[in-house]
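Q: Got a file for you: upload-v5.pdb, PDB, C-alpha atoms.
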ATOM      1  CA  MET A   1     -22.182  90.298-141.478  1.00  0.00           C
ATOM      2  CA  LYS A   2     -24.315  87.831-139.601  1.00  0.00           C
ATOM      3  CA  SER A   3     -28.055  87.758-139.167  1.00  0.00           C
ATOM      4  CA  VAL A   4     -29.128  87.354-135.547  1.00  0.00           C
ATOM      5  CA  THR A   5     -32.598  86.995-134.095  1.00  0.00           C
ATOM      6  CA  VAL A   6     -33.075  88.532-130.643  1.00  0.00           C
ATOM      7  CA  THR A   7     -36.094  88.940-128.426  1.00  0.00           C
ATOM      8  CA  ILE A   8     -36.702  92.246-126.681  1.00  0.00           C
ATOM      9  CA  ASP A   9     -39.830  92.752-124.605  1.00  0.00           C
ATOM     10  CA  GLY A  10     -41.422  89.678-126.142  1.00  0.00           C
ATOM     11  CA  ASN A  11     -40.844  90.814-129.724  1.00  0.00           C
ATOM     12  CA  ASP A  12     -38.412  89.119-132.101  1.00  0.00           C
ATOM     13  CA  TYR A  13     -36.076  91.287-134.124  1.00  0.00           C
ATOM     14  CA  GLN A  14     -33.870  90.169-136.996  1.00  0.00           C
ATOM     15  CA  LEU A  15     -30.631  92.151-136.736  1.00  0.00           C
ATOM     16  CA  ILE A  16     -27.492  92.175-138.843  1.00  0.00           C
ATOM     17  CA  GLY A  17     -24.027  92.774-137.462  1.00  0.00           C
ATOM     18  CA  GLU A  18     -20.471  91.524-137.299  1.00  0.00           C
ATOM     19  CA  ASP A  19     -20.387  90.333-133.675  1.00  0.00           C
ATOM     20  CA  GLU A  20     -23.260  87.970-132.902  1.00  0.00           C
ATOM     21  CA  ALA A  21     -22.335  87.654-129.223  1.00  0.00           C
ATOM     22  CA  LEU A  22     -22.227  91.436-128.799  1.00  0.00           C
ATOM     23  CA  ILE A  23     -25.622  91.849-130.452  1.00  0.00           C
ATOM     24  CA  LYS A  24     -27.116  89.207-128.173  1.00  0.00           C
ATOM     25  CA  ARG A  25     -25.622  90.802-125.048  1.00  0.00           C
ATOM     26  CA  ALA A  26     -26.868  94.246-126.075  1.00  0.00           C
ATOM     27  CA  ALA A  27     -30.356  92.887-126.771  1.00  0.00           C
ATOM     28  CA  ALA A  28     -30.390  91.069-123.429  1.00  0.00           C
ATOM     29  CA  GLU A  29     -29.410  94.292-121.642  1.00  0.00           C
ATOM     30  CA  ALA A  30     -32.101  96.260-123.479  1.00  0.00           C
ATOM     31  CA  ASP A  31     -34.663  93.581-122.586  1.00  0.00           C
ATOM     32  CA  SER A  32     -33.531  93.652-118.960  1.00  0.00           C
ATOM     33  CA  GLN A  33     -33.842  97.439-118.730  1.00  0.00           C
ATOM     34  CA  ILE A  34     -37.330  97.369-120.218  1.00  0.00           C
ATOM     35  CA  SER A  35     -38.391  94.564-117.873  1.00  0.00           C
ATOM     36  CA  LYS A  36     -37.112  96.451-114.806  1.00  0.00           C
ATOM     37  CA  ILE A  37     -39.023  99.584-115.740  1.00  0.00           C
ATOM     38  CA  LYS A  38     -42.185  97.642-116.581  1.00  0.00           C
ATOM     39  CA  SER A  39     -42.090  95.779-113.278  1.00  0.00           C
ATOM     40  CA  LYS A  40     -41.548  98.982-111.325  1.00  0.00           C
ATOM     41  CA  TYR A  41     -44.298 100.993-112.981  1.00  0.00           C
ATOM     42  CA  LYS A  42     -46.674  98.144-113.945  1.00  0.00           C
ATOM     43  CA  ASP A  43     -49.294  99.582-116.314  1.00  0.00           C
ATOM     44  CA  GLU A  44     -48.739 103.223-115.347  1.00  0.00           C
ATOM     45  CA  LEU A  45     -46.575 104.152-118.336  1.00  0.00           C
ATOM     46  CA  PRO A  46     -47.190 103.874-122.066  1.00  0.00           C
ATOM     47  CA  PRO A  47     -44.819 101.578-124.014  1.00  0.00           C
ATOM     48  CA  THR A  48     -43.026 104.475-125.684  1.00  0.00           C
ATOM     49  CA  THR A  49     -42.189 106.045-122.327  1.00  0.00           C
ATOM     50  CA  ILE A  50     -40.855 102.717-121.047  1.00  0.00           C
ATOM     51  CA  ILE A  51     -38.608 102.421-124.101  1.00  0.00           C
ATOM     52  CA  VAL A  52     -37.361 105.998-123.691  1.00  0.00           C
ATOM     53  CA  LEU A  53     -36.577 105.442-119.997  1.00  0.00           C
ATOM     54  CA  ALA A  54     -34.708 102.234-120.818  1.00  0.00           C
ATOM     55  CA  LEU A  55     -32.766 104.060-123.517  1.00  0.00           C
ATOM     56  CA  LEU A  56     -31.873 106.858-121.094  1.00  0.00           C
ATOM     57  CA  ASN A  57     -30.710 104.329-118.482  1.00  0.00           C
ATOM     58  CA  LEU A  58     -28.456 102.677-121.049  1.00  0.00           C
ATOM     59  CA  ALA A  59     -27.156 106.029-122.313  1.00  0.00           C
ATOM     60  CA  GLU A  60     -26.372 107.094-118.744  1.00  0.00           C
ATOM     61  CA  THR A  61     -24.436 103.869-118.176  1.00  0.00           C
ATOM     62  CA  LEU A  62     -22.538 104.433-121.411  1.00  0.00           C
ATOM     63  CA  GLU A  63     -21.630 107.998-120.425  1.00  0.00           C
ATOM     64  CA  ARG A  64     -20.407 106.854-116.984  1.00  0.00           C
ATOM     65  CA  GLU A  65     -18.225 104.225-118.652  1.00  0.00           C
ATOM     66  CA  ARG A  66     -16.866 106.766-121.143  1.00  0.00           C
ATOM     67  CA  GLU A  67     -15.924 109.105-118.290  1.00  0.00           C
ATOM     68  CA  ARG A  68     -14.296 106.268-116.368  1.00  0.00           C
ATOM     69  CA  PHE A  69     -12.353 105.297-119.495  1.00  0.00           C
ATOM     70  CA  ARG A  70     -11.245 108.913-120.027  1.00  0.00           C
ATOM     71  CA  LEU A  71     -10.023 109.183-116.432  1.00  0.00           C
ATOM     72  CA  ASP A  72      -8.240 105.821-116.606  1.00  0.00           C
ATOM     73  CA  LYS A  73      -6.557 106.821-119.859  1.00  0.00           C
ATOM     74  CA  GLN A  74      -5.487 110.147-118.365  1.00  0.00           C
ATOM     75  CA  LEU A  75      -3.995 108.368-115.353  1.00  0.00           C
ATOM     76  CA  LEU A  76      -2.163 105.889-117.569  1.00  0.00           C
ATOM     77  CA  ASP A  77      -0.810 108.679-119.778  1.00  0.00           C
ATOM     78  CA  GLU A  78       0.527 110.461-116.688  1.00  0.00           C
ATOM     79  CA  GLU A  79       2.135 107.245-115.411  1.00  0.00           C
ATOM     80  CA  ILE A  80       3.785 106.610-118.791  1.00  0.00           C
ATOM     81  CA  VAL A  81       5.316 110.100-118.720  1.00  0.00           C
ATOM     82  CA  LYS A  82       6.601 109.492-115.160  1.00  0.00           C
ATOM     83  CA  MET A  83       8.055 106.127-116.151  1.00  0.00           C
ATOM     84  CA  GLY A  84       9.754 107.694-119.164  1.00  0.00           C
ATOM     85  CA  LYS A  85      11.355 110.327-116.927  1.00  0.00           C
ATOM     86  CA  HIS A  86      12.530 107.667-114.469  1.00  0.00           C
ATOM     87  CA  LEU A  87      13.996 105.633-117.325  1.00  0.00           C
ATOM     88  CA  ASP A  88      15.790 108.698-118.730  1.00  0.00           C
ATOM     89  CA  ASP A  89      17.198 109.492-115.274  1.00  0.00           C
ATOM     90  CA  PHE A  90      18.353 105.907-114.812  1.00  0.00           C
ATOM     91  CA  LEU A  91      20.028 105.789-118.195  1.00  0.00           C
ATOM     92  CA  LYS A  92      21.746 109.128-117.593  1.00  0.00           C
ATOM     93  CA  GLU A  93      23.021 107.972-114.207  1.00  0.00           C
ATOM     94  CA  SER A  94      24.142 104.639-115.647  1.00  0.00           C
ATOM     95  CA  ARG A  95      25.999 106.341-118.496  1.00  0.00           C
ATOM     96  CA  PHE A  96      24.112 104.252-121.028  1.00  0.00           C
ATOM     97  CA  TYR A  97      22.517 107.396-122.309  1.00  0.00           C
ATOM     98  CA  ALA A  98      24.318 108.873-125.307  1.00  0.00           C
TER      99      ALA A  98
END
What's the structure tokens form of this structure?

A:
Amino acid sequence: MKSVTVTIDGNDYQLIGEDEALIKRAAAEADSQISKIKSKYKDELPPTTIIVLALLNLAETLERERERFRLDKQLLDEEIVKMGKHLDDFLKESRFYA
């Protein structure tokens, strides 16, 4: 486990994790989301609301990626089954199949 210092919304946080690069990328994304919301709403929203909106934006992105992954996996599974059937047919026709 490595100790990593990141800055999010001007505050430094000492975090511990196995992948320093991943932690830094995640912190940069969190900082970016907060900055976007702050710039859009200026001083209209309290800090807690800004953090919650940033969290929801990130969670929505995660859920979209999970769905895309699920659909890609489903498509690949279907293609593997088709390829297996084609291979079986080829082997049967070629008399290599016992």

Q: Quick one: residues within 9 Å of Gln33 (chain A), all atoms listed in the file counted, chain neighbours fewer than 3 positions away excluded, as a list in words?

A: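 Result of the neighbour search: Ala28, Glu29, Ala30, Lys36, Ile37, Lys38, Ile51, Leu53, Ala54, Leu55, Asn57 and Leu58 of chain A.
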
Q: Would you kindly translate the PyMOL selection byres ((chain A and resi 1-14) around 10) into the concrete residues it picks from this file, as a ChimeraX atom specification?

A: /A:15-21,23-35,38,51

Q: In Å, how far is it from CA of Ser94 (chain A) to CA of Glu79 (chain A)?

A: 22.2 Å

Q: Rounded to one decimal, what separation in Å do you get between CA of Tyr41 (chain A) and CA of Leu22 (chain A)?

A: 28.8 Å

Q: Expressed in Å to a single decimal, how great is the separation between CA of Lys40 (chain A) and CA of Arg66 (chain A)?

A: 27.7 Å

Q: Output region 8-25 of chain A as a tab-separated table (two decimals), keeping the file's coordinate frame, making sure N, CA and C atoms are there.

A:
chain	number	residue	atom	x	y	z
A	8	ILE	N	-36.69	91.12	-127.61
A	8	ILE	CA	-36.70	92.25	-126.68
A	8	ILE	C	-38.15	92.55	-126.35
A	9	ASP	N	-38.47	92.49	-125.09
A	9	ASP	CA	-39.83	92.75	-124.60
A	9	ASP	C	-40.87	91.88	-125.33
A	10	GLY	N	-40.50	90.61	-125.53
A	10	GLY	CA	-41.42	89.68	-126.14
A	10	GLY	C	-41.54	89.76	-127.65
A	11	ASN	N	-40.80	90.66	-128.27
A	11	ASN	CA	-40.84	90.81	-129.72
A	11	ASN	C	-39.52	90.34	-130.33
A	12	ASP	N	-39.61	89.58	-131.40
A	12	ASP	CA	-38.41	89.12	-132.10
A	12	ASP	C	-37.97	90.15	-133.13
A	13	TYR	N	-36.66	90.35	-133.17
A	13	TYR	CA	-36.08	91.29	-134.12
A	13	TYR	C	-34.94	90.58	-134.86
A	14	GLN	N	-34.93	90.72	-136.16
A	14	GLN	CA	-33.87	90.17	-137.00
A	14	GLN	C	-32.86	91.29	-137.21
A	15	LEU	N	-31.66	91.12	-136.66
A	15	LEU	CA	-30.63	92.15	-136.74
A	15	LEU	C	-29.44	91.63	-137.52
A	16	ILE	N	-28.68	92.54	-138.08
A	16	ILE	CA	-27.49	92.18	-138.84
A	16	ILE	C	-26.30	92.91	-138.24
A	17	GLY	N	-25.22	92.17	-138.02
A	17	GLY	CA	-24.03	92.77	-137.46
A	17	GLY	C	-22.84	91.83	-137.57
A	18	GLU	N	-21.69	92.32	-137.19
A	18	GLU	CA	-20.47	91.52	-137.30
A	18	GLU	C	-20.24	90.64	-136.08
A	19	ASP	N	-20.67	91.06	-134.91
A	19	ASP	CA	-20.39	90.33	-133.68
A	19	ASP	C	-21.69	89.82	-133.07
A	20	GLU	N	-22.01	88.56	-133.35
A	20	GLU	CA	-23.26	87.97	-132.90
A	20	GLU	C	-23.38	88.00	-131.38
A	21	ALA	N	-22.30	87.68	-130.69
A	21	ALA	CA	-22.34	87.65	-129.22
A	21	ALA	C	-22.61	89.05	-128.67
A	22	LEU	N	-22.00	90.06	-129.25
A	22	LEU	CA	-22.23	91.44	-128.80
A	22	LEU	C	-23.68	91.85	-129.02
A	23	ILE	N	-24.22	91.51	-130.17
A	23	ILE	CA	-25.62	91.85	-130.45
A	23	ILE	C	-26.54	91.19	-129.44
A	24	LYS	N	-26.28	89.92	-129.14
A	24	LYS	CA	-27.12	89.21	-128.17
A	24	LYS	C	-27.01	89.80	-126.77
A	25	ARG	N	-25.80	90.18	-126.37
A	25	ARG	CA	-25.62	90.80	-125.05
A	25	ARG	C	-26.33	92.15	-124.98
